[in-house]
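Enquirer: Dropping in run_9.txt, which is compact mmCIF, C-alpha atoms and all ligand atoms:
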```
# COMPACT_ATOMS: atom_id res chain seq x y z
CA MET A 182 -26.84 -29.97 -18.61
CA SER A 183 -25.32 -26.80 -17.20
CA THR A 184 -23.08 -26.58 -14.19
CA SER A 185 -22.80 -23.12 -12.67
CA PRO A 186 -19.30 -21.64 -12.93
CA ALA A 187 -19.07 -21.33 -9.15
CA VAL A 188 -19.75 -25.02 -8.60
CA GLY A 189 -17.26 -25.89 -11.32
CA LEU A 190 -14.65 -23.77 -9.56
CA LEU A 191 -15.22 -25.38 -6.15
CA ALA A 192 -14.85 -28.82 -7.70
CA LEU A 193 -11.23 -28.05 -8.51
CA LYS A 194 -9.28 -29.06 -5.42
CA PRO A 195 -6.58 -26.34 -5.43
CA PHE A 196 -9.24 -23.70 -5.70
CA ARG A 197 -11.23 -25.25 -2.89
CA ILE A 198 -8.15 -25.13 -0.66
CA ALA A 199 -7.50 -21.52 -1.65
CA VAL A 200 -11.10 -20.57 -0.85
CA CYS A 201 -10.89 -22.29 2.55
CA LEU A 202 -7.65 -20.49 3.35
CA ALA A 203 -9.18 -17.16 2.38
CA ILE A 204 -12.15 -17.81 4.68
CA LEU A 205 -9.84 -18.82 7.53
CA ALA A 206 -7.73 -15.71 7.05
CA ALA A 207 -10.82 -13.52 7.08
CA ALA A 208 -12.09 -15.25 10.24
CA SER A 209 -8.81 -14.75 12.09
CA LEU A 210 -8.97 -11.04 11.28
CA GLY A 211 -12.44 -10.97 12.78
CA CYS A 212 -13.69 -10.16 9.26
CA GLY A 213 -13.22 -6.49 10.14
CA GLY A 214 -9.83 -6.34 8.45
CA LYS A 215 -8.17 -5.61 11.79
CA ASP A 216 -4.94 -7.34 12.77
CA PRO A 217 -5.12 -9.91 15.63
CA SER A 218 -2.91 -7.72 17.85
CA PHE A 219 -5.28 -4.73 17.46
CA GLU A 220 -7.14 -5.51 20.71
CA GLN A 221 -3.93 -6.03 22.70
CA GLY A 222 -2.74 -2.68 21.33
CA GLN A 223 -5.96 -0.99 22.38
CA GLU A 224 -5.38 -2.06 26.00
CA ILE A 225 -1.80 -0.75 25.91
CA TYR A 226 -3.01 2.52 24.38
CA LYS A 227 -5.51 3.00 27.20
CA ALA A 228 -2.89 2.29 29.86
CA ASP A 229 0.17 4.07 28.43
CA CYS A 230 -0.77 6.57 25.72
CA LEU A 231 -4.28 7.87 26.38
CA ALA A 232 -3.19 10.42 28.99
CA CYS A 233 -1.21 12.41 26.43
CA HIS A 234 -2.87 11.38 23.15
CA GLY A 235 -6.46 11.42 24.28
CA PRO A 236 -9.50 9.31 23.53
CA GLY A 237 -10.01 8.85 19.79
CA GLY A 238 -6.35 9.76 19.18
CA ARG A 239 -7.39 13.40 19.00
CA GLY A 240 -4.50 14.63 21.15
CA VAL A 241 -4.73 16.56 24.38
CA LEU A 242 -1.78 18.91 24.20
CA TYR A 243 -1.29 20.27 20.68
CA SER A 244 -1.35 19.14 17.05
CA LYS A 245 1.71 16.83 17.24
CA THR A 246 -0.10 14.69 19.80
CA VAL A 247 -2.99 14.06 17.39
CA LEU A 248 -2.58 10.49 16.12
CA ASP A 249 -5.83 10.16 14.17
CA GLY A 250 -5.00 11.11 10.58
CA SER A 251 -1.29 11.70 11.34
CA ALA A 252 0.91 11.21 8.26
CA LEU A 253 3.69 9.84 10.45
CA VAL A 254 1.42 7.28 12.12
CA THR A 255 0.00 5.96 8.84
CA GLY A 256 3.20 6.35 6.81
CA ASP A 257 6.42 4.29 6.80
CA PRO A 258 5.99 1.55 9.46
CA GLU A 259 9.67 1.86 10.51
CA GLU A 260 9.38 5.59 11.23
CA VAL A 261 6.34 5.40 13.46
CA THR A 262 7.70 2.32 15.26
CA ALA A 263 11.03 4.07 15.90
CA ALA A 264 9.17 7.13 17.23
CA ILE A 265 7.37 4.95 19.77
CA LEU A 266 10.45 2.90 20.71
CA PHE A 267 12.87 5.77 21.16
CA GLY A 268 10.60 8.76 21.76
CA ARG A 269 10.42 12.11 20.06
CA SER A 270 11.06 15.65 21.09
CA GLY A 271 9.76 18.69 19.31
CA THR A 272 7.53 21.19 21.00
CA GLY A 273 6.91 18.60 23.68
CA LEU A 274 8.57 15.42 24.86
CA MET A 275 7.33 11.98 23.94
CA PRO A 276 8.92 9.31 26.13
CA GLY A 277 10.55 6.26 24.49
CA TRP A 278 9.02 2.87 25.26
CA ASP A 279 11.96 0.59 24.46
CA ARG A 280 12.58 -0.29 28.11
CA LYS A 281 8.96 -0.53 29.18
CA LEU A 282 7.31 -2.58 26.42
CA THR A 283 8.25 -5.89 24.76
CA ASP A 284 8.64 -6.24 20.97
CA GLN A 285 5.14 -7.74 20.74
CA GLU A 286 3.64 -4.94 22.88
CA VAL A 287 5.27 -2.19 20.78
CA ALA A 288 4.07 -3.99 17.62
CA ALA A 289 0.54 -4.25 19.03
CA VAL A 290 0.21 -0.61 20.09
CA THR A 291 1.73 0.59 16.79
CA THR A 292 -0.66 -1.63 14.86
CA TYR A 293 -3.51 -0.25 16.97
CA ILE A 294 -2.79 3.43 16.29
CA ARG A 295 -2.23 2.64 12.57
CA GLN A 296 -5.66 0.99 12.32
CA ALA A 297 -7.78 2.83 14.91
CA TRP A 298 -10.19 5.72 14.27
CA SER A 299 -9.93 6.85 10.64
CA ASN A 300 -6.44 5.33 10.18
CA GLN A 301 -6.15 2.36 7.83
CA ALA A 302 -2.48 1.43 7.56
CA SER A 303 -0.74 -1.96 7.57
CA PRO A 304 0.02 -3.81 10.83
CA VAL A 305 3.51 -3.80 12.39
CA THR A 306 5.18 -7.07 13.44
CA ALA A 307 7.29 -7.87 16.50
CA ALA A 308 10.07 -8.84 14.05
CA LEU A 309 10.22 -5.25 12.76
CA VAL A 310 10.41 -3.91 16.32
CA ALA A 311 13.28 -6.33 17.10
CA LYS A 312 15.10 -5.21 13.95
CA LEU A 313 14.84 -1.53 14.90
CA ARG A 314 16.07 -2.22 18.44
CA THR A 315 19.23 -3.98 17.21
CA ARG A 316 19.89 -1.26 14.67
CA GLU A 317 19.77 1.33 17.45
CA GLU A 318 22.05 -0.73 19.72
CA LYS A 319 24.64 -0.98 16.93
CA LYS A 320 24.46 2.80 16.40
CA SER A 321 25.18 3.57 20.06
CA GLN A 322 28.20 1.22 20.25
C1 LIG A 401 3.86 11.97 28.64
C2 LIG A 401 3.02 12.17 27.48
C3 LIG A 401 3.03 11.11 26.39
C4 LIG A 401 2.79 9.76 26.50
C5 LIG A 401 2.47 8.97 27.75
C6 LIG A 401 2.85 9.22 25.14
N1 LIG A 401 3.13 10.22 24.25
FE1 LIG A 401 3.30 10.03 22.23
N2 LIG A 401 3.78 12.00 22.08
C7 LIG A 401 3.81 12.91 23.14
C8 LIG A 401 4.18 14.24 22.64
C9 LIG A 401 4.30 15.49 23.47
C10 LIG A 401 4.39 14.08 21.24
C11 LIG A 401 4.81 15.15 20.24
C12 LIG A 401 6.32 15.36 20.26
C13 LIG A 401 6.70 16.47 19.27
O1 LIG A 401 6.48 17.64 19.61
O2 LIG A 401 7.18 16.12 18.18
C14 LIG A 401 4.13 12.68 20.93
C15 LIG A 401 4.21 12.14 19.66
C16 LIG A 401 3.87 10.85 19.33
C17 LIG A 401 3.89 10.32 17.99
C18 LIG A 401 4.27 11.09 16.73
C19 LIG A 401 3.01 11.74 16.18
C20 LIG A 401 3.24 12.61 14.96
O3 LIG A 401 2.35 12.66 14.10
O4 LIG A 401 4.31 13.26 14.87
C21 LIG A 401 3.49 9.01 18.08
C22 LIG A 401 3.33 8.03 16.94
C23 LIG A 401 3.20 8.74 19.48
N3 LIG A 401 3.45 9.87 20.22
C24 LIG A 401 2.75 7.52 19.96
C25 LIG A 401 2.59 7.22 21.32
C26 LIG A 401 2.22 5.92 21.83
C27 LIG A 401 1.91 4.70 20.97
C28 LIG A 401 2.21 6.01 23.19
C29 LIG A 401 1.93 4.93 24.19
C30 LIG A 401 2.77 3.74 24.14
C31 LIG A 401 2.56 7.39 23.53
N4 LIG A 401 2.77 8.10 22.37
C32 LIG A 401 2.63 7.88 24.82
C33 LIG A 401 3.51 12.63 24.45
C34 LIG A 401 3.25 11.37 24.97
```
What is this file in C-alpha cells?
Ligand code: HEC

Expert:
Amino acid sequence: MSTSPAVGLLALKPFRIAVCLAILAAASLGCGGKDPSFEQGQEIYKADCLACHGPGGRGVLYSKTVLDGSALVTGDPEEVTAAILFGRSGTGLMPGWDRKLTDQEVAAVTTYIRQAWSNQASPVTAALVAKLRTREEKKSQ
C-alpha cells in the first residue's frame, strides 16, 4: 500500500493548519501579492498625486517626479514615507501630506506607489507612519 507524500503531509494536523493559513493569507492578498491597502492607495493617488506624478507614475514635470522605478520609492520604507509626510524640495516642491492624510491613508498611498507599475517593494504600515510623525514632533520641540 502506498500513500502519496502529499496526502501523508495533509494528515498531519499542524501541517494542515499551516496550509490553511497560507491559503487564507494568499486569498486576503487577492492572490496577486498586493497588500490589502493597495486599492485604497490607488484612489488616494488618483485624487492627490496624479496631477504632478502622472498616470503610470511616469512623472509630468521632470525626472524627480517619476515614481515608477524610483530608487527612493522602492528603497528604505522610512525614507519614502518621510518624503510623502513632510514633503521634499529640490528642483521643484513636493508638498507634505502630514496634515491632510491620516496614518492609514499615508500608509496606503505609500504602499500603492511601492507596488504599482513595475515597482515591487514591501508594504508600509500605519504604525510606521505614526512612528515617523512622533519622531518629527520630538525634533521640532
Ligand atoms: C504639486 C505637485 C505634487 C503633488 C500634488 C505631489 N507631488 Fe510628489 N513630488 C513633486 C515634486 C515636484 C517632486 C520632486 C521634488 C524634488 O525636486 O526633489 C516630488 C517628489 C516625490 C517623491 C520622491 C521621488 C524621488 O524619487 O525622489 C515621492 C515619493 C512623491 N513625490 C510622492 C507623492 C505622493 C505619494 C503624492 C500624493 C499623496 C504626491 N507626491 C503629490 C510634486 C508633487

Enquirer: Any idea what the distance is between CA of Thr292 (chain A) and CA of Pro236 (chain A)?

Expert: 16.5 Å

Enquirer: Please give me, as a PyMOL selection string, the residues lying within 9 Å of ligand LIG 401 (chain A) when counting all atoms listed in the file.

Expert: chain A and resi 222+225-234+240+242-255+260-266+268-278+282+286-287+290-291+293-295

Enquirer: Mind dumping the selected residues with C-alpha atoms as a compact mmCIF listing (two decimals), keeping the file's coordinate frame?

Expert:
```txt
# COMPACT_ATOMS: atom_id res chain seq x y z
CA GLY A 222 -2.74 -2.68 21.33
CA ILE A 225 -1.80 -0.75 25.91
CA TYR A 226 -3.01 2.52 24.38
CA LYS A 227 -5.51 3.00 27.20
CA ALA A 228 -2.89 2.29 29.86
CA ASP A 229 0.17 4.07 28.43
CA CYS A 230 -0.77 6.57 25.72
CA LEU A 231 -4.28 7.87 26.38
CA ALA A 232 -3.19 10.42 28.99
CA CYS A 233 -1.21 12.41 26.43
CA HIS A 234 -2.87 11.38 23.15
CA GLY A 240 -4.50 14.63 21.15
CA LEU A 242 -1.78 18.91 24.20
CA TYR A 243 -1.29 20.27 20.68
CA SER A 244 -1.35 19.14 17.05
CA LYS A 245 1.71 16.83 17.24
CA THR A 246 -0.10 14.69 19.80
CA VAL A 247 -2.99 14.06 17.39
CA LEU A 248 -2.58 10.49 16.12
CA ASP A 249 -5.83 10.16 14.17
CA GLY A 250 -5.00 11.11 10.58
CA SER A 251 -1.29 11.70 11.34
CA ALA A 252 0.91 11.21 8.26
CA LEU A 253 3.69 9.84 10.45
CA VAL A 254 1.42 7.28 12.12
CA THR A 255 0.00 5.96 8.84
CA GLU A 260 9.38 5.59 11.23
CA VAL A 261 6.34 5.40 13.46
CA THR A 262 7.70 2.32 15.26
CA ALA A 263 11.03 4.07 15.90
CA ALA A 264 9.17 7.13 17.23
CA ILE A 265 7.37 4.95 19.77
CA LEU A 266 10.45 2.90 20.71
CA GLY A 268 10.60 8.76 21.76
CA ARG A 269 10.42 12.11 20.06
CA SER A 270 11.06 15.65 21.09
CA GLY A 271 9.76 18.69 19.31
CA THR A 272 7.53 21.19 21.00
CA GLY A 273 6.91 18.60 23.68
CA LEU A 274 8.57 15.42 24.86
CA MET A 275 7.33 11.98 23.94
CA PRO A 276 8.92 9.31 26.13
CA GLY A 277 10.55 6.26 24.49
CA TRP A 278 9.02 2.87 25.26
CA LEU A 282 7.31 -2.58 26.42
CA GLU A 286 3.64 -4.94 22.88
CA VAL A 287 5.27 -2.19 20.78
CA VAL A 290 0.21 -0.61 20.09
CA THR A 291 1.73 0.59 16.79
CA TYR A 293 -3.51 -0.25 16.97
CA ILE A 294 -2.79 3.43 16.29
CA ARG A 295 -2.23 2.64 12.57
```

Enquirer: Between CA of Glu318 (chain A) and CA of Pro304 (chain A), what is the distance, to one decimal in Å?

Expert: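 One can read the CA of Glu318 (chain A) to CA of Pro304 (chain A) distance as 24.0 Å.
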
Enquirer: Within 10 Å of Ala311 (chain A), counting only C-alpha atoms, which residues qualify if same-chain residues fewer than 3 places away don't, as a ChimeraX atom specification?

Expert: /A:283-285,287-288,306-308,314-316

Enquirer: Which one of A:Lys320, A:Ala289, A:Val310, A:Gln301 sits closest to Glu224 (chain A) if you count all atoms listed in the file?

Expert: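 Among the listed residues, the smallest separation from Glu224 (chain A) belongs to A:Ala289.
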
Enquirer: As an exercise, work out the distance from CA of Val305 (chain A) to CA of Val241 (chain A) in Å and give it to one decimal place.

Expert: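 About the pair CA of Val305 (chain A) and CA of Val241 (chain A): they are 25.0 Å apart.
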
Enquirer: Between A:Trp298, A:Asp257, A:Ser321, A:Lys312, single out the one closest to Gln223 (chain A), counting only C-alpha atoms.

Expert: A:Trp298
